[in-house]
$ cat model_6.txt   # compact mmCIF, C-alpha atoms
# COMPACT_ATOMS: atom_id res chain seq x y z
CA MET A 11 -9.53 8.49 13.28
CA ASP A 12 -5.92 9.62 13.41
CA ALA A 13 -4.37 6.46 12.08
CA VAL A 14 -2.33 6.83 8.92
CA PRO A 15 -4.52 5.36 6.16
CA PRO A 16 -3.21 2.75 3.71
CA PHE A 17 -1.20 4.59 1.06
CA GLU A 18 -3.68 3.65 -1.68
CA ARG A 19 -6.38 5.67 0.16
CA PHE A 20 -4.10 8.70 0.50
CA TYR A 21 -3.01 8.45 -3.13
CA GLU A 22 -6.50 8.04 -4.57
CA ALA A 23 -7.86 10.86 -2.44
CA HIS A 24 -5.28 13.42 -3.55
CA ARG A 25 -3.74 12.40 -6.87
CA ASP A 26 -6.11 14.40 -9.08
CA GLU A 27 -5.94 17.67 -7.20
CA ILE A 28 -2.18 17.41 -6.76
CA PHE A 29 -1.81 16.78 -10.49
CA ALA A 30 -4.02 19.79 -11.24
CA PHE A 31 -1.90 21.89 -8.89
CA LEU A 32 1.30 20.80 -10.62
CA VAL A 33 -0.13 21.41 -14.08
CA LYS A 34 -1.05 24.92 -13.02
CA ARG A 35 2.48 25.52 -11.76
CA LEU A 36 4.58 23.75 -14.34
CA GLY A 37 2.48 23.09 -17.41
CA ARG A 38 1.18 19.74 -18.48
CA GLU A 39 4.39 18.16 -19.66
CA ARG A 40 6.60 18.91 -16.70
CA ALA A 41 3.76 18.18 -14.31
CA GLU A 42 3.94 14.48 -15.12
CA ASP A 43 7.46 14.02 -13.80
CA ALA A 44 6.71 16.27 -10.85
CA PHE A 45 3.62 14.21 -10.06
CA GLN A 46 5.66 11.04 -9.90
CA GLU A 47 8.35 12.72 -7.81
CA THR A 48 5.76 14.14 -5.39
CA PHE A 49 4.18 10.80 -4.63
CA MET A 50 7.52 8.99 -4.53
CA ARG A 51 8.70 11.44 -1.85
CA ALA A 52 5.42 10.94 0.00
CA LEU A 53 5.82 7.18 -0.22
CA ARG A 54 9.37 7.33 1.14
CA ALA A 55 8.32 9.36 4.15
CA TYR A 56 4.96 7.66 4.65
CA PRO A 57 5.84 4.82 7.05
CA ARG A 58 7.21 7.28 9.58
CA LEU A 59 4.20 9.58 9.74
CA GLU A 60 2.99 9.76 13.32
CA HIS A 61 -0.65 10.39 12.48
CA GLY A 62 -3.03 10.75 9.56
CA ARG A 63 -4.16 14.33 10.16
CA GLU A 64 -3.82 17.02 7.50
CA LEU A 65 -2.45 14.66 4.90
CA ARG A 66 -3.87 16.82 2.14
CA ALA A 67 -1.79 19.78 3.30
CA TRP A 68 1.19 17.49 3.63
CA ALA A 69 0.76 16.39 0.01
CA TYR A 70 0.60 20.02 -1.11
CA THR A 71 3.71 20.86 0.87
CA ILE A 72 5.63 18.16 -0.96
CA ALA A 73 4.15 19.16 -4.33
CA SER A 74 5.13 22.79 -3.69
CA ASN A 75 8.69 21.79 -3.03
CA VAL A 76 8.87 19.50 -6.01
CA SER A 77 7.64 22.23 -8.34
CA LEU A 78 10.03 24.71 -6.79
CA ASP A 79 12.91 22.30 -7.39
CA GLU A 80 11.73 21.78 -10.93
CA LEU A 81 11.57 25.51 -11.65
CA ARG A 82 15.01 26.02 -10.14
CA ARG A 83 16.41 23.14 -12.14
CA THR A 84 15.14 24.45 -15.43
CA ARG A 85 15.68 28.14 -14.72
CA PRO A 86 18.62 28.12 -12.31
CA TYR A 87 19.15 31.89 -12.24
CA SER A 88 15.63 33.02 -11.62
CA ALA A 89 14.36 33.92 -8.19
CA PRO A 90 11.94 31.55 -6.48
CA PRO A 91 8.42 32.38 -7.65
CA ASP A 92 6.14 34.08 -5.21
CA TRP A 93 3.23 31.61 -5.55
CA VAL A 94 4.99 29.01 -3.46
CA GLU A 95 3.80 30.40 -0.20
CA VAL A 96 0.42 31.82 -0.90
CA ASP A 97 -1.58 29.47 -3.07
CA GLU A 98 -4.80 28.95 -1.20
CA ASP A 99 -4.83 25.23 -1.74
CA ALA A 100 -1.21 24.82 -0.85
CA ARG A 101 -1.34 25.80 2.80
CA PRO A 102 0.65 23.38 4.92
CA ALA A 103 -0.52 21.75 8.11
CA TYR A 104 -2.21 23.39 11.01
CA GLU A 105 -3.75 26.80 11.03
CA GLU A 106 -1.35 27.97 13.66
CA LEU A 107 1.74 26.84 11.84
CA ASP A 108 0.26 28.09 8.64
CA HIS A 109 -0.01 31.54 10.10
CA LEU A 110 3.38 31.48 11.81
CA THR A 111 5.28 30.14 8.85
CA ARG A 112 3.62 32.21 6.18
CA ASP A 113 6.63 34.45 5.54
CA LEU A 114 9.31 31.80 5.68
CA PRO A 115 11.23 30.69 2.61
CA PRO A 116 9.49 27.60 1.20
CA LYS A 117 12.02 24.97 2.29
CA GLU A 118 12.17 26.34 5.81
CA ARG A 119 8.43 26.51 5.92
CA ALA A 120 8.06 22.92 4.81
CA ALA A 121 10.74 21.76 7.26
CA VAL A 122 9.08 23.54 10.19
CA VAL A 123 5.64 22.23 9.30
CA LEU A 124 6.80 18.65 8.79
CA ARG A 125 8.88 18.70 11.97
CA TYR A 126 6.44 20.37 14.34
CA GLY A 127 3.16 19.65 12.60
CA TYR A 128 3.84 16.02 11.71
CA ASP A 129 6.62 14.91 14.05
CA LEU A 130 8.63 13.61 11.14
CA ALA A 131 12.30 12.72 11.68
CA TYR A 132 14.78 14.92 9.83
CA GLU A 133 15.76 12.05 7.62
CA ASP A 134 12.17 11.79 6.42
CA ILE A 135 11.76 15.54 6.10
CA GLY A 136 14.88 15.48 3.97
CA ALA A 137 13.31 12.80 1.79
CA ALA A 138 10.13 14.85 1.50
CA ILE A 139 11.79 18.12 0.52
CA GLY A 140 14.55 16.56 -1.51
CA SER A 141 17.57 17.32 0.66
CA SER A 142 19.76 15.69 3.28
CA ALA A 143 18.66 15.14 6.87
CA GLU A 144 21.20 17.70 8.02
CA ALA A 145 19.95 20.31 5.52
CA ALA A 146 16.39 19.61 6.70
CA ARG A 147 17.45 20.14 10.32
CA GLN A 148 19.14 23.39 9.42
CA ALA A 149 16.12 24.56 7.45
CA ALA A 150 13.80 23.82 10.39
CA SER A 151 16.00 25.52 12.96
CA SER A 152 16.62 28.54 10.78
CA GLY A 153 12.86 28.71 10.19
CA VAL A 154 12.20 28.64 13.92
CA ARG A 155 14.81 31.36 14.52
CA ARG A 156 13.17 33.50 11.88
CA ILE A 157 9.74 33.04 13.47
CA ARG A 158 11.12 33.96 16.91
CA LYS A 159 12.68 37.11 15.55
CA GLU A 160 9.41 37.93 13.87
CA LEU A 161 7.54 37.55 17.15
CA GLU A 162 9.90 39.67 19.18
CA MET B 20 -8.19 17.38 -13.58
CA THR B 21 -7.74 13.63 -13.66
CA VAL B 22 -4.48 11.77 -13.67
CA THR B 23 -4.20 9.74 -16.87
CA GLN B 24 -4.14 5.96 -16.64
CA ASP B 25 -0.68 5.94 -18.10
CA LEU B 26 0.73 8.36 -15.53
CA ASP B 27 -1.01 6.49 -12.76
CA ALA B 28 0.42 3.17 -13.95
CA ARG B 29 3.91 4.67 -14.22
CA PHE B 30 3.81 5.87 -10.64
CA ARG B 31 2.66 2.50 -9.35
CA ALA B 32 5.36 0.67 -11.31
CA ALA B 33 8.06 3.08 -10.11
CA ALA B 34 6.95 2.66 -6.50
CA LEU B 35 7.34 -1.09 -6.85
CA ASP B 36 10.71 -0.82 -8.65
CA GLU B 37 12.13 1.30 -5.86
CA GLY B 38 11.06 -1.22 -3.24
CA LEU B 39 8.68 1.23 -1.56
CA VAL B 40 5.58 -0.96 -1.50
CA ASP B 41 4.88 -3.03 1.62
CA VAL B 42 1.94 -4.83 0.06
CA ALA B 43 0.86 -4.83 -3.57
CA TYR B 44 -2.59 -6.06 -4.47
CA ASP B 45 -4.93 -6.59 -7.38
CA VAL B 46 -8.38 -7.99 -8.01
CA ILE B 47 -8.86 -10.65 -10.69
CA ASP B 48 -11.71 -12.64 -12.18
CA SER B 49 -11.93 -16.39 -11.76
CA PRO B 50 -14.49 -19.15 -12.30
CA VAL B 51 -15.29 -18.99 -8.57
CA GLY B 52 -15.81 -15.24 -8.64
CA ALA B 53 -13.59 -12.20 -8.19
CA LEU B 54 -10.45 -12.78 -6.13
CA PHE B 55 -8.44 -10.29 -4.09
CA LEU B 56 -4.71 -11.08 -4.32
CA ALA B 57 -1.97 -9.46 -2.25
CA SER B 58 1.76 -9.95 -2.01
CA THR B 59 4.66 -8.60 0.02
CA GLU B 60 8.24 -8.70 -1.24
CA ARG B 61 8.49 -12.15 0.33
CA GLY B 62 5.53 -13.65 -1.48
CA VAL B 63 1.76 -13.97 -1.68
CA CYS B 64 0.28 -13.05 1.69
CA ARG B 65 -3.46 -13.00 0.98
CA ILE B 66 -6.08 -14.39 -1.32
CA SER B 67 -9.66 -13.52 -0.51
CA TYR B 68 -13.15 -13.85 -1.93
CA ASP B 69 -13.92 -10.55 -0.22
CA VAL B 70 -12.79 -8.12 -2.90
CA GLU B 71 -13.85 -4.86 -1.27
CA PRO B 72 -10.50 -3.03 -1.43
CA GLU B 73 -10.89 -0.59 1.45
CA ALA B 74 -11.50 -3.23 4.12
CA GLN B 75 -8.71 -5.39 2.72
CA GLU B 76 -6.29 -2.46 2.56
CA GLU B 77 -6.90 -1.66 6.22
CA ARG B 78 -6.23 -5.23 7.26
CA LEU B 79 -3.08 -5.48 5.17
CA ALA B 80 -1.81 -2.12 6.42
CA ARG B 81 -2.19 -3.23 10.04
CA ALA B 82 -0.41 -6.50 9.36
CA PHE B 83 2.34 -5.61 6.90
CA GLY B 84 2.79 -1.82 6.80
CA VAL B 85 0.90 1.23 5.56
CA ARG B 86 2.38 1.32 2.08
CA VAL B 87 -0.41 -0.71 0.56
CA LEU B 88 -0.79 -0.01 -3.15
CA ARG B 89 -2.64 -1.59 -6.04
CA VAL B 90 0.17 -2.73 -8.33
CA PRO B 91 -0.97 -5.53 -10.63
CA ARG B 92 2.54 -6.40 -11.76
CA ARG B 93 3.67 -7.96 -8.48
CA LEU B 94 0.75 -10.39 -8.77
CA ASP B 95 1.52 -11.45 -12.34
CA GLU B 96 3.02 -14.80 -11.38
CA ALA B 97 0.19 -15.59 -8.96
CA LYS B 98 -2.39 -14.69 -11.62
CA ARG B 99 -0.68 -16.89 -14.17
CA GLU B 100 -0.57 -19.91 -11.86
CA LEU B 101 -4.17 -19.41 -10.77
CA ASP B 102 -5.30 -19.15 -14.39
CA GLU B 103 -3.50 -22.38 -15.17
CA TYR B 104 -5.08 -24.02 -12.13
CA PHE B 105 -8.56 -22.99 -13.20
CA GLU B 106 -7.87 -24.24 -16.73
CA ARG B 107 -6.79 -27.60 -15.26
CA ARG B 108 -3.27 -27.12 -16.58
CA ARG B 109 -1.70 -26.90 -13.12
CA ARG B 110 -2.04 -29.17 -10.10
CA ASP B 111 0.54 -27.66 -7.75
CA PHE B 112 1.49 -24.07 -7.10
CA ASP B 113 5.10 -22.92 -7.17
CA LEU B 114 4.43 -19.51 -5.63
CA GLU B 115 6.47 -18.01 -2.81
CA LEU B 116 4.17 -17.44 0.17
CA ASP B 117 4.53 -14.98 3.02
CA LEU B 118 3.32 -16.72 6.18
CA GLU B 119 5.59 -14.82 8.54
CA LEU B 120 2.74 -13.38 10.56
CA VAL B 121 0.87 -16.64 10.89
CA ALA B 122 0.98 -18.17 14.38
CA PRO B 123 3.20 -21.28 14.74
CA PHE B 124 0.42 -23.86 15.16
CA HIS B 125 -1.48 -22.37 12.23
CA ARG B 126 1.66 -22.42 10.12
CA GLU B 127 2.33 -26.04 11.01
CA VAL B 128 -1.21 -27.03 10.01
CA LEU B 129 -1.02 -24.97 6.81
CA SER B 130 2.25 -26.60 5.81
CA ARG B 131 0.60 -30.02 6.25
CA LEU B 132 -2.38 -28.76 4.30
CA ALA B 133 -0.11 -27.70 1.43
CA ARG B 134 0.85 -31.34 0.96
CA VAL B 135 -2.70 -32.64 0.51
CA PRO B 136 -2.59 -33.77 -3.13
CA TYR B 137 -4.64 -32.26 -5.92
CA GLY B 138 -7.92 -34.05 -6.52
CA THR B 139 -8.05 -35.71 -3.09
CA VAL B 140 -9.64 -34.83 0.22
CA THR B 141 -8.56 -35.29 3.80
CA THR B 142 -10.34 -34.64 7.12
CA TYR B 143 -9.87 -32.13 9.92
CA GLY B 144 -9.03 -35.02 12.23
CA LYS B 145 -6.31 -36.44 9.98
CA LEU B 146 -4.69 -33.04 9.59
CA ALA B 147 -4.74 -32.65 13.36
CA VAL B 148 -2.93 -35.98 13.75
CA GLU B 149 -0.35 -34.98 11.14
CA ALA B 150 0.25 -31.70 12.92
CA GLY B 151 0.96 -33.64 16.11
CA ARG B 152 -2.25 -32.56 17.87
CA PRO B 153 -4.63 -35.52 17.40
CA ARG B 154 -7.36 -34.02 19.55
CA ALA B 155 -7.29 -30.63 17.87
CA ALA B 156 -9.64 -31.30 14.94
CA ARG B 157 -11.74 -28.32 15.95
CA ALA B 158 -8.68 -26.06 16.14
CA VAL B 159 -7.71 -27.28 12.69
CA GLY B 160 -11.16 -26.17 11.55
CA THR B 161 -10.35 -22.70 12.85
CA VAL B 162 -7.04 -22.70 10.98
CA MET B 163 -8.88 -23.59 7.78
CA ASN B 164 -11.45 -20.88 8.42
CA ARG B 165 -8.69 -18.28 8.77
CA ASN B 166 -6.50 -19.59 5.98
CA PRO B 167 -4.95 -16.40 4.55
CA ILE B 168 -4.23 -17.96 1.14
CA PRO B 169 -7.13 -20.21 0.11
CA ILE B 170 -6.97 -22.16 -3.18
CA VAL B 171 -3.15 -22.11 -3.13
CA LEU B 172 -3.26 -23.55 0.38
CA PRO B 173 -6.06 -25.98 -0.44
CA CYS B 174 -8.38 -25.85 2.56
CA HIS B 175 -11.19 -26.79 0.16
CA ARG B 176 -9.68 -30.31 0.26
CA VAL B 177 -10.49 -30.73 3.95
CA VAL B 178 -13.87 -32.25 4.80
CA GLY B 179 -15.65 -33.66 7.84
CA SER B 180 -15.04 -37.22 9.05
CA THR B 181 -18.26 -38.38 7.38
CA GLY B 182 -17.23 -36.87 4.06
CA LYS B 183 -19.57 -33.90 4.38
CA LEU B 184 -18.07 -30.66 3.08
CA VAL B 185 -18.86 -28.98 6.43
CA GLY B 186 -17.71 -25.41 5.84
CA TYR B 187 -15.67 -22.99 3.79
CA ALA B 188 -14.84 -19.34 4.42
CA GLY B 189 -15.73 -18.57 0.81
CA GLY B 190 -19.03 -20.47 1.01
CA LEU B 191 -19.78 -24.14 0.34
CA ASP B 192 -20.65 -23.43 -3.31
CA ARG B 193 -17.07 -22.45 -3.96
CA LYS B 194 -15.67 -25.40 -2.04
CA GLU B 195 -17.78 -27.72 -4.14
CA ALA B 196 -16.81 -25.96 -7.37
CA LEU B 197 -13.09 -26.25 -6.58
CA LEU B 198 -13.38 -29.95 -5.72
CA ARG B 199 -15.34 -30.64 -8.89
CA LEU B 200 -12.73 -28.73 -10.90
CA GLU B 201 -10.12 -31.10 -9.48
CA GLY B 202 -12.25 -34.09 -10.41
CA VAL B 203 -13.30 -35.13 -6.92
CA SER B 204 -16.64 -36.95 -7.07
CA LEU B 205 -19.00 -35.62 -4.44

$ encode --input "model_6.txt" --output "structure tokens"
Amino acid sequence: MDAVPPFERFYEAHRDEIFAFLVKRLGRERAEDAFQETFMRALRAYPRLEHGRELRAWAYTIASNVSLDELRRTRPYSAPPDWVEVDEDARPAYEELDHLTRDLPPKERAAVVLRYGYDLAYEDIGAAIGSSAEAARQAASSGVRRIRKELE
Amino acid sequence: MTVTQDLDARFRAAALDEGLVDVAYDVIDSPVGALFLASTERGVCRISYDVEPEAQEERLARAFGVRVLRVPRRLDEAKRELDEYFERRRRDFDLELDLELVAPFHREVLSRLARVPYGTVTTYGKLAVEAGRPRAARAVGTVMNRNPIPIVLPCHRVVGSTGKLVGYAGGLDRKEALLRLEGVSL
């Protein structure tokens, strides 16, 4: 049951709740562009997913990042909003990673979850979070360092 | 909250425009019942009378890649030619076909099949001879049965040596209907 489902299945299963999530974050108008961007990022990374587990959380991770980018773009001087990490529906990947990554900055959190929860290559993580492969690698490794420090 | 049809259509179109769709599909109506149509970037890769999307999506994903998405636009040309065929305004199809995953013998037989003229029938045995395997009439039957692109690749024009219709993956009713449409007297 771990096979990655055809994209149509993934899209139909999650499009409505992801749209609702984005509307809540960004308002109706901006949610439309963010919706398209979310599923385009998912589509770009999709062929390299190693398994089909936790795809809902994966979709929320991407949507979180897209809305964060959108808020930054339109309000460049404001601090990242605090909802990014704690929305109940937006929890990425596995319970364990969810717990461990809870206090990470959003991009680092997404990078760690996509790398270690989904075995995605950095190039694909970059595509999912809207940055370069190198930036994705740095985000993941800085996330891991932060978690280590936290555990010490 | 439900995604509007417009937003949904925009996403599907954008996915296609950016070249991110391995297989696009749609389901259309026809005089022989609903048809499932699918196409890769290379061309039409599947036509089926089995229009249940989930089973078809799984098969297409295994064969061509997991980015299977319902995007009607990529099938526009196929729909147009099929409509013309069913309205008796078209005898030959000009569609690009994707047969890359079809085994060599099957492909050879299908390419012979494609040349069987509109409104005529041939036999499994004759096709076998043309494909260079005169004793493989039964194998040709299997190729017809698994034809990924029926109607366009006209396996309905292949009958038994006695002229009996014999079989058709979509059911004999459809085979008969297609032959009658083409003016073959049965």

$ interface_residues --input "model_6.txt" --of "chain B" --to "chain A" --cutoff "9 Å" --atoms "all atoms listed in the file" --output "VMD selection string"
chain B and resid 20 to 22 26 to 27 29 to 30 33 to 34 39 to 40 73 76 to 77 79 to 81 84 to 89

$ write_last_selection --input "model_6.txt" --atoms "C-alpha atoms" --output "CSV table (one decimal), in the frame of the given file"
chain,number,residue,atom,x,y,z
B,20,MET,CA,-8.2,17.4,-13.6
B,21,THR,CA,-7.7,13.6,-13.7
B,22,VAL,CA,-4.5,11.8,-13.7
B,26,LEU,CA,0.7,8.4,-15.5
B,27,ASP,CA,-1.0,6.5,-12.8
B,29,ARG,CA,3.9,4.7,-14.2
B,30,PHE,CA,3.8,5.9,-10.6
B,33,ALA,CA,8.1,3.1,-10.1
B,34,ALA,CA,7.0,2.7,-6.5
B,39,LEU,CA,8.7,1.2,-1.6
B,40,VAL,CA,5.6,-1.0,-1.5
B,73,GLU,CA,-10.9,-0.6,1.4
B,76,GLU,CA,-6.3,-2.5,2.6
B,77,GLU,CA,-6.9,-1.7,6.2
B,79,LEU,CA,-3.1,-5.5,5.2
B,80,ALA,CA,-1.8,-2.1,6.4
B,81,ARG,CA,-2.2,-3.2,10.0
B,84,GLY,CA,2.8,-1.8,6.8
B,85,VAL,CA,0.9,1.2,5.6
B,86,ARG,CA,2.4,1.3,2.1
B,87,VAL,CA,-0.4,-0.7,0.6
B,88,LEU,CA,-0.8,0.0,-3.2
B,89,ARG,CA,-2.6,-1.6,-6.0

$ axis_aligned_box --input "model_6.txt" --around "region 92-103 of chain B" --padding-each-side "6 Å" --output "JSON"
{"center_x": -0.8, "center_y": -14.4, "center_z": -11.8, "size_x": 21.0, "size_y": 28.0, "size_z": 18.7}

$ residues_around --input "model_6.txt" --residues "Arg165 (chain B)" --least-positions-apart "3" --cutoff "12 Å" --atoms "all atoms listed in the file" --output "list of chain:residue names"
B:Arg65, B:Ile66, B:Ser67, B:Val121, B:Ala122, B:His125, B:Arg126, B:Val128, B:Leu129, B:Ala158, B:Val159, B:Gly160, B:Thr161, B:Val162, B:Ile168, B:Pro169, B:Leu172, B:Cys174, B:Gly186, B:Tyr187, B:Ala188, B:Gly189

$ atom_distance --input "model_6.txt" --atom1 "CA of Ser152 (chain A)" --atom2 "CA of Glu118 (chain A)"
7.0 Å

$ closest_residue --input "model_6.txt" --among "A:Arg112, A:Arg40, A:Arg125, A:Arg155" --to "Trp68 (chain A)" --atoms "only C-alpha atoms"
A:Arg125

$ closest_residue --input "model_6.txt" --among "B:Arg109, B:Arg157, B:Leu120, B:Leu200" --to "Pro50 (chain B)" --atoms "all atoms listed in the file"
B:Leu200

$ atom_distance --input "model_6.txt" --atom1 "CA of Val42 (chain B)" --atom2 "CA of Val63 (chain B)"
9.3 Å

$ closest_residue --input "model_6.txt" --among "A:Leu65, A:Ile135, A:Leu81, A:Leu161" --to "Leu32 (chain A)" --atoms "all atoms listed in the file"
A:Leu81

$ closest_residue --input "model_6.txt" --among "B:Leu94, B:Met163, B:Leu101, B:Val185" --to "Phe124 (chain B)" --atoms "all atoms listed in the file"
B:Met163

$ atom_distance --input "model_6.txt" --atom1 "CA of Arg107 (chain B)" --atom2 "CA of Glu149 (chain B)"
28.2 Å

$ residues_around --input "model_6.txt" --residues "Asp102 (chain B)" --least-positions-apart "3" --cutoff "12 Å" --atoms "only C-alpha atoms" --output "PyMOL selection string"
chain B and resi 47-51+54+95-99+105-110+112+170-171

$ decode --input "model_6.txt" --residues "region 38-47 of chain A" --atoms "all heavy atoms" --output "mmCIF file, in the first residue's frame"
data_model
loop_
_atom_site.group_PDB
_atom_site.id
_atom_site.type_symbol
_atom_site.label_atom_id
_atom_site.label_comp_id
_atom_site.auth_asym_id
_atom_site.auth_seq_id
_atom_site.Cartn_x
_atom_site.Cartn_y
_atom_site.Cartn_z
ATOM 1 N N ARG A 38 -9.324 34.649 0.380
ATOM 2 C CA ARG A 38 -9.796 33.962 -0.820
ATOM 3 C C ARG A 38 -8.981 34.289 -2.077
ATOM 4 O O ARG A 38 -8.586 33.414 -2.837
ATOM 5 C CB ARG A 38 -11.261 34.358 -1.034
ATOM 6 C CG ARG A 38 -11.877 33.787 -2.259
ATOM 7 C CD ARG A 38 -12.896 32.754 -1.896
ATOM 8 N NE ARG A 38 -13.111 31.851 -3.014
ATOM 9 C CZ ARG A 38 -13.765 30.714 -2.919
ATOM 10 N NH1 ARG A 38 -14.250 30.327 -1.767
ATOM 11 N NH2 ARG A 38 -13.929 29.952 -3.970
ATOM 12 N N GLU A 39 -8.730 35.572 -2.260
ATOM 13 C CA GLU A 39 -8.137 35.973 -3.541
ATOM 14 C C GLU A 39 -6.721 35.433 -3.708
ATOM 15 O O GLU A 39 -6.393 34.813 -4.712
ATOM 16 C CB GLU A 39 -8.141 37.496 -3.620
ATOM 17 C CG GLU A 39 -8.085 38.009 -5.039
ATOM 18 C CD GLU A 39 -8.311 39.514 -5.071
ATOM 19 O OE1 GLU A 39 -9.251 39.988 -4.382
ATOM 20 O OE2 GLU A 39 -7.540 40.196 -5.751
ATOM 21 N N ARG A 40 -5.911 35.652 -2.677
ATOM 22 C CA ARG A 40 -4.522 35.209 -2.790
ATOM 23 C C ARG A 40 -4.407 33.688 -2.701
ATOM 24 O O ARG A 40 -3.426 33.100 -3.150
ATOM 25 C CB ARG A 40 -3.679 35.865 -1.696
ATOM 26 C CG ARG A 40 -3.421 37.344 -1.993
ATOM 27 C CD ARG A 40 -2.280 37.865 -1.166
ATOM 28 N NE ARG A 40 -2.648 37.935 0.248
ATOM 29 C CZ ARG A 40 -1.796 38.241 1.219
ATOM 30 N NH1 ARG A 40 -0.531 38.463 0.940
ATOM 31 N NH2 ARG A 40 -2.192 38.296 2.468
ATOM 32 N N ALA A 41 -5.412 33.063 -2.120
ATOM 33 C CA ALA A 41 -5.377 31.602 -1.994
ATOM 34 C C ALA A 41 -5.390 30.912 -3.357
ATOM 35 O O ALA A 41 -4.844 29.832 -3.517
ATOM 36 C CB ALA A 41 -6.559 31.120 -1.152
ATOM 37 N N GLU A 42 -5.989 31.561 -4.344
ATOM 38 C CA GLU A 42 -6.086 30.907 -5.656
ATOM 39 C C GLU A 42 -4.714 30.701 -6.291
ATOM 40 O O GLU A 42 -4.401 29.620 -6.779
ATOM 41 C CB GLU A 42 -7.007 31.709 -6.572
ATOM 42 C CG GLU A 42 -8.433 31.773 -6.038
ATOM 43 C CD GLU A 42 -9.483 31.805 -7.127
ATOM 44 O OE1 GLU A 42 -9.116 32.054 -8.292
ATOM 45 O OE2 GLU A 42 -10.663 31.568 -6.799
ATOM 46 N N ASP A 43 -3.902 31.757 -6.276
ATOM 47 C CA ASP A 43 -2.545 31.614 -6.825
ATOM 48 C C ASP A 43 -1.729 30.627 -5.995
ATOM 49 O O ASP A 43 -0.960 29.830 -6.527
ATOM 50 C CB ASP A 43 -1.825 32.968 -6.852
ATOM 51 C CG ASP A 43 -2.363 33.848 -7.975
ATOM 52 O OD1 ASP A 43 -3.048 33.308 -8.863
ATOM 53 O OD2 ASP A 43 -2.092 35.060 -7.950
ATOM 54 N N ALA A 44 -1.899 30.736 -4.683
ATOM 55 C CA ALA A 44 -1.134 29.852 -3.790
ATOM 56 C C ALA A 44 -1.533 28.393 -4.002
ATOM 57 O O ALA A 44 -0.697 27.487 -3.920
ATOM 58 C CB ALA A 44 -1.354 30.261 -2.334
ATOM 59 N N PHE A 45 -2.796 28.174 -4.279
ATOM 60 C CA PHE A 45 -3.282 26.816 -4.552
ATOM 61 C C PHE A 45 -2.569 26.244 -5.772
ATOM 62 O O PHE A 45 -2.040 25.132 -5.760
ATOM 63 C CB PHE A 45 -4.793 26.865 -4.806
ATOM 64 C CG PHE A 45 -5.372 25.550 -5.255
ATOM 65 C CD1 PHE A 45 -5.723 24.592 -4.318
ATOM 66 C CD2 PHE A 45 -5.561 25.272 -6.601
ATOM 67 C CE1 PHE A 45 -6.250 23.363 -4.720
ATOM 68 C CE2 PHE A 45 -6.089 24.049 -7.016
ATOM 69 C CZ PHE A 45 -6.427 23.100 -6.064
ATOM 70 N N GLN A 46 -2.547 27.034 -6.825
ATOM 71 C CA GLN A 46 -1.883 26.574 -8.045
ATOM 72 C C GLN A 46 -0.408 26.306 -7.783
ATOM 73 O O GLN A 46 0.136 25.284 -8.196
ATOM 74 C CB GLN A 46 -2.062 27.632 -9.130
ATOM 75 C CG GLN A 46 -1.421 27.243 -10.437
ATOM 76 C CD GLN A 46 -2.245 27.716 -11.617
ATOM 77 O OE1 GLN A 46 -3.468 27.771 -11.557
ATOM 78 N NE2 GLN A 46 -1.590 28.070 -12.694
ATOM 79 N N GLU A 47 0.237 27.233 -7.078
ATOM 80 C CA GLU A 47 1.666 27.083 -6.791
ATOM 81 C C GLU A 47 1.929 25.833 -5.940
ATOM 82 O O GLU A 47 2.888 25.097 -6.163
ATOM 83 C CB GLU A 47 2.184 28.356 -6.090
ATOM 84 C CG GLU A 47 3.644 28.317 -5.695
ATOM 85 C CD GLU A 47 4.616 28.154 -6.866
ATOM 86 O OE1 GLU A 47 4.208 28.388 -8.020
ATOM 87 O OE2 GLU A 47 5.769 27.763 -6.625
#
